[in-house]
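Here's the structure we're looking at; comments come further down.
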Amino acid sequence: MKAPTISFLSGLVFGAGLAVSGMADPARVRAFLDLFGTWDPTLAFVMAGAMVPMAVAWLIQRRMTKPMACEAFDLPGTRVIDGKLVAGAALFGVGWGIAGLCPGPALADIVIVPFEAGIFVLAMLAGMIVHRITTQ
Amino acid sequence: MMLPAFPDAAPVAGLAGGFLIGLAAVIMLLGLGRIAGVSGMLARASGIADTGAPRSVALAFVVGLPLGATLVTLSSSGVEPRFTGSIAQLVIAGLLVGFGTRLGSGCTSGHGVCGLSRLSRRSMVATLTFMTSGFATVGLMHAFGFING
């Protein structure tokens, strides 16, 4: 299989998982973050479910010299914990809380709820462009 | 299955869907040697980021994701997404998520799913940070009457 085909498959399964888990539903995600409302712990189950195959995959990855369908692993090597990491994550968390949306679910909803998801995705892309401009 | 203490929780659907998300990340990691991080893939696919996955790979991921979600939702096993809040809230939230994920090098998928399972300390710090600020934000919104219930 060619690289884009594998990536497409990964995206397809990712999106299916978001829909099955209920994480494509912003109201459910925000209910997880709302400790003062009717708390919905589903997101914790989703994280637990995702950890299982990935934990095994990291063990397998260590024994591989290269990925199955390309020449080399290209994984983040940075170990520095700096202000950019923390500030970025903090800002992301604020946006995540306001809308109940992070990048995956926003993309997942773009066909089903094109207007609202579309506005969010466009704003997200604008935010990414602002970051690019201001850090150059 | 229901959790008596949390009537809205969907633990089985959550675990099953989470497993699929993990599987998708496994395909990306073992197949192409990459992190299945949605913010990074989106930045690369749109051309906003110059480094990362080859553009064709990022584009294929970004097209596949909504397709998978749509197929599940249409086959009725998925939940209809409920959007809350105004257009202004969506715009502000989107700007913050876009800027923040670039500055912090990742989101719930890259840092949360992939980084935590790799026991990356960077990703642990990032995940704890965005979880905390997410809880704080929604807590404040609740306190100031932006959320009912």
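Residues are referred to by chain and number: the chain letter is A, B, ... according to the order shown in the structure tokens, the number counts from 1 in that chain, and ligands are numbered separately from 1 in the order shown.
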- Message: Give me, as a list in words, all polymer residues having an atom no more than 8 Å from Ala50 of chain A, counting only C-alpha atoms and skipping those fewer than 5 positions away in the same chain.
- Response: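 Counting only the stated atoms, we get Leu15, Gly18, Phe19, Leu20, Ile21, Gly22, Leu23 and Val113 of chain B.
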- From a DSSP pass on the backbone, collect the residues of segment 7-72 of chain B flagged as alpha helix (DSSP H) and hand them back as a PyMOL selection string. chain B and resi 11-26+32+38-45+55-72
- Item | Two-atom distance - atom CA of Ser21 of chain A, atom CA of Ala45 of chain B (Å) | 25.3 Å
- Of the residues B:Gly17, B:Phe144, B:Ser46, B:Ser76, which is the one nearest to chain A, using only C-alpha atoms?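 Nearest candidate to chain A out of B:Gly17, B:Phe144, B:Ser46, B:Ser76: B:Gly17.
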- Excluding segment 8-14 of chain A and any residue of its chain fewer than 2 positions from it, enumerate the residues within 6 Å of it, using only C-alpha atoms, and give them as a ChimeraX atom specification. /A:4-6,16-17 /B:21,24,27,60-61,64-65,68
Written file, previous selection with N, CA, C and O atoms, as an mmCIF file, in the first residue's frame:
```
data_model
loop_
_atom_site.group_PDB
_atom_site.id
_atom_site.type_symbol
_atom_site.label_atom_id
_atom_site.label_comp_id
_atom_site.auth_asym_id
_atom_site.auth_seq_id
_atom_site.Cartn_x
_atom_site.Cartn_y
_atom_site.Cartn_z
ATOM 1 N N PRO A 4 -0.052 7.534 1.192
ATOM 2 C CA PRO A 4 -1.313 8.257 1.372
ATOM 3 C C PRO A 4 -2.498 7.321 1.627
ATOM 4 O O PRO A 4 -3.420 7.670 2.375
ATOM 5 N N THR A 5 -2.478 6.134 1.041
ATOM 6 C CA THR A 5 -3.566 5.170 1.259
ATOM 7 C C THR A 5 -3.609 4.747 2.725
ATOM 8 O O THR A 5 -4.676 4.695 3.347
ATOM 9 N N ILE A 6 -2.439 4.473 3.289
ATOM 10 C CA ILE A 6 -2.366 4.075 4.701
ATOM 11 C C ILE A 6 -2.827 5.222 5.590
ATOM 12 O O ILE A 6 -3.577 5.029 6.548
ATOM 13 N N ALA A 16 -14.019 7.354 12.604
ATOM 14 C CA ALA A 16 -15.028 6.392 13.045
ATOM 15 C C ALA A 16 -14.985 6.282 14.568
ATOM 16 O O ALA A 16 -16.022 6.294 15.233
ATOM 17 N N GLY A 17 -13.774 6.219 15.120
ATOM 18 C CA GLY A 17 -13.616 6.116 16.566
ATOM 19 C C GLY A 17 -14.184 7.326 17.284
ATOM 20 O O GLY A 17 -14.839 7.198 18.323
ATOM 21 N N ILE B 21 -9.700 4.789 17.916
ATOM 22 C CA ILE B 21 -8.793 5.941 17.805
ATOM 23 C C ILE B 21 -7.349 5.466 18.014
ATOM 24 O O ILE B 21 -6.430 5.833 17.267
ATOM 25 N N ALA B 24 -6.160 3.617 14.965
ATOM 26 C CA ALA B 24 -5.791 4.556 13.903
ATOM 27 C C ALA B 24 -4.375 5.079 14.139
ATOM 28 O O ALA B 24 -3.566 5.190 13.198
ATOM 29 N N ILE B 27 -1.871 2.379 13.219
ATOM 30 C CA ILE B 27 -1.673 2.294 11.761
ATOM 31 C C ILE B 27 -0.661 3.352 11.311
ATOM 32 O O ILE B 27 0.267 3.081 10.552
ATOM 33 N N ALA B 60 -4.433 13.113 2.931
ATOM 34 C CA ALA B 60 -5.211 11.868 2.944
ATOM 35 C C ALA B 60 -5.809 11.637 4.327
ATOM 36 O O ALA B 60 -6.966 11.231 4.461
ATOM 37 N N PHE B 61 -5.038 11.944 5.381
ATOM 38 C CA PHE B 61 -5.529 11.776 6.755
ATOM 39 C C PHE B 61 -6.689 12.733 7.040
ATOM 40 O O PHE B 61 -7.720 12.346 7.591
ATOM 41 N N GLY B 64 -9.747 11.556 5.203
ATOM 42 C CA GLY B 64 -10.278 10.295 5.736
ATOM 43 C C GLY B 64 -11.043 10.476 7.036
ATOM 44 O O GLY B 64 -12.063 9.828 7.261
ATOM 45 N N LEU B 65 -10.546 11.375 7.893
ATOM 46 C CA LEU B 65 -11.136 11.529 9.228
ATOM 47 C C LEU B 65 -12.627 11.914 9.209
ATOM 48 O O LEU B 65 -13.454 11.198 9.782
ATOM 49 N N GLY B 68 -14.778 8.972 7.825
ATOM 50 C CA GLY B 68 -15.018 7.896 8.789
ATOM 51 C C GLY B 68 -16.088 8.276 9.789
ATOM 52 O O GLY B 68 -16.991 7.488 10.089
#
```
Write out as a tab-separated table a residue-level contact list of segment 49-125 of chain B versus segment 44-49 of chain A with cut-off 12 Å: for each qualifying residue the closest pair of atoms and the distance in Å to one decimal, counting only C-alpha atoms, rows sorted by chain and residue number upward.
```
residue	atom	partner	partner_atom	distance
B:Thr108	CA	A:Met47	CA	9.4
B:Ser109	CA	A:Met47	CA	9.5
B:His111	CA	A:Met47	CA	11.5
B:Gly112	CA	A:Met47	CA	7.8
B:Val113	CA	A:Met47	CA	6.7
B:Cys114	CA	A:Met47	CA	10.3
B:Gly115	CA	A:Met47	CA	11.7
B:Leu116	CA	A:Met47	CA	9.6
B:Ser117	CA	A:Ala48	CA	9.8
```
- With a distance cut-off of 6 Å and only C-alpha atoms, select the neighbouring residues of Ala9 of chain B, excluding the residue or stretch itself and same-chain residues fewer than 5 positions from it, and output the selection as a list in words. Asp40, Pro41 and Thr42 of chain A
Keeping only N, CA and C atoms, write the selected residues as a PDB file, in the first residue's frame.
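Heads up, here's the output in part14.pdb:
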```
ATOM      1  N   ASP A  40     -19.821  14.044  33.025  1.00  0.00           N
ATOM      2  CA  ASP A  40     -19.860  12.894  32.123  1.00  0.00           C
ATOM      3  C   ASP A  40     -18.436  12.374  31.921  1.00  0.00           C
ATOM      4  N   PRO A  41     -18.084  11.251  32.545  1.00  0.00           N
ATOM      5  CA  PRO A  41     -16.703  10.766  32.497  1.00  0.00           C
ATOM      6  C   PRO A  41     -16.317  10.032  31.206  1.00  0.00           C
ATOM      7  N   THR A  42     -17.188  10.026  30.175  1.00  0.00           N
ATOM      8  CA  THR A  42     -16.930   9.208  28.987  1.00  0.00           C
ATOM      9  C   THR A  42     -15.543   9.439  28.387  1.00  0.00           C
TER      10      THR A  42
END
```
- re atom CA of Gly83 of chain A and atom CA of Thr129 of chain B: distance 11.5 Å
- Item | Point-to-point distance from atom CA of Ile119 of chain A to atom CA of Leu107 of chain A, Å rounded to tenths | 11.0 Å
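Take the candidates B:Val63, B:Ala53, B:Met41, B:Ala93 and check each one against chain A using only C-alpha atoms; the shortest distance goes to B:Ala93.
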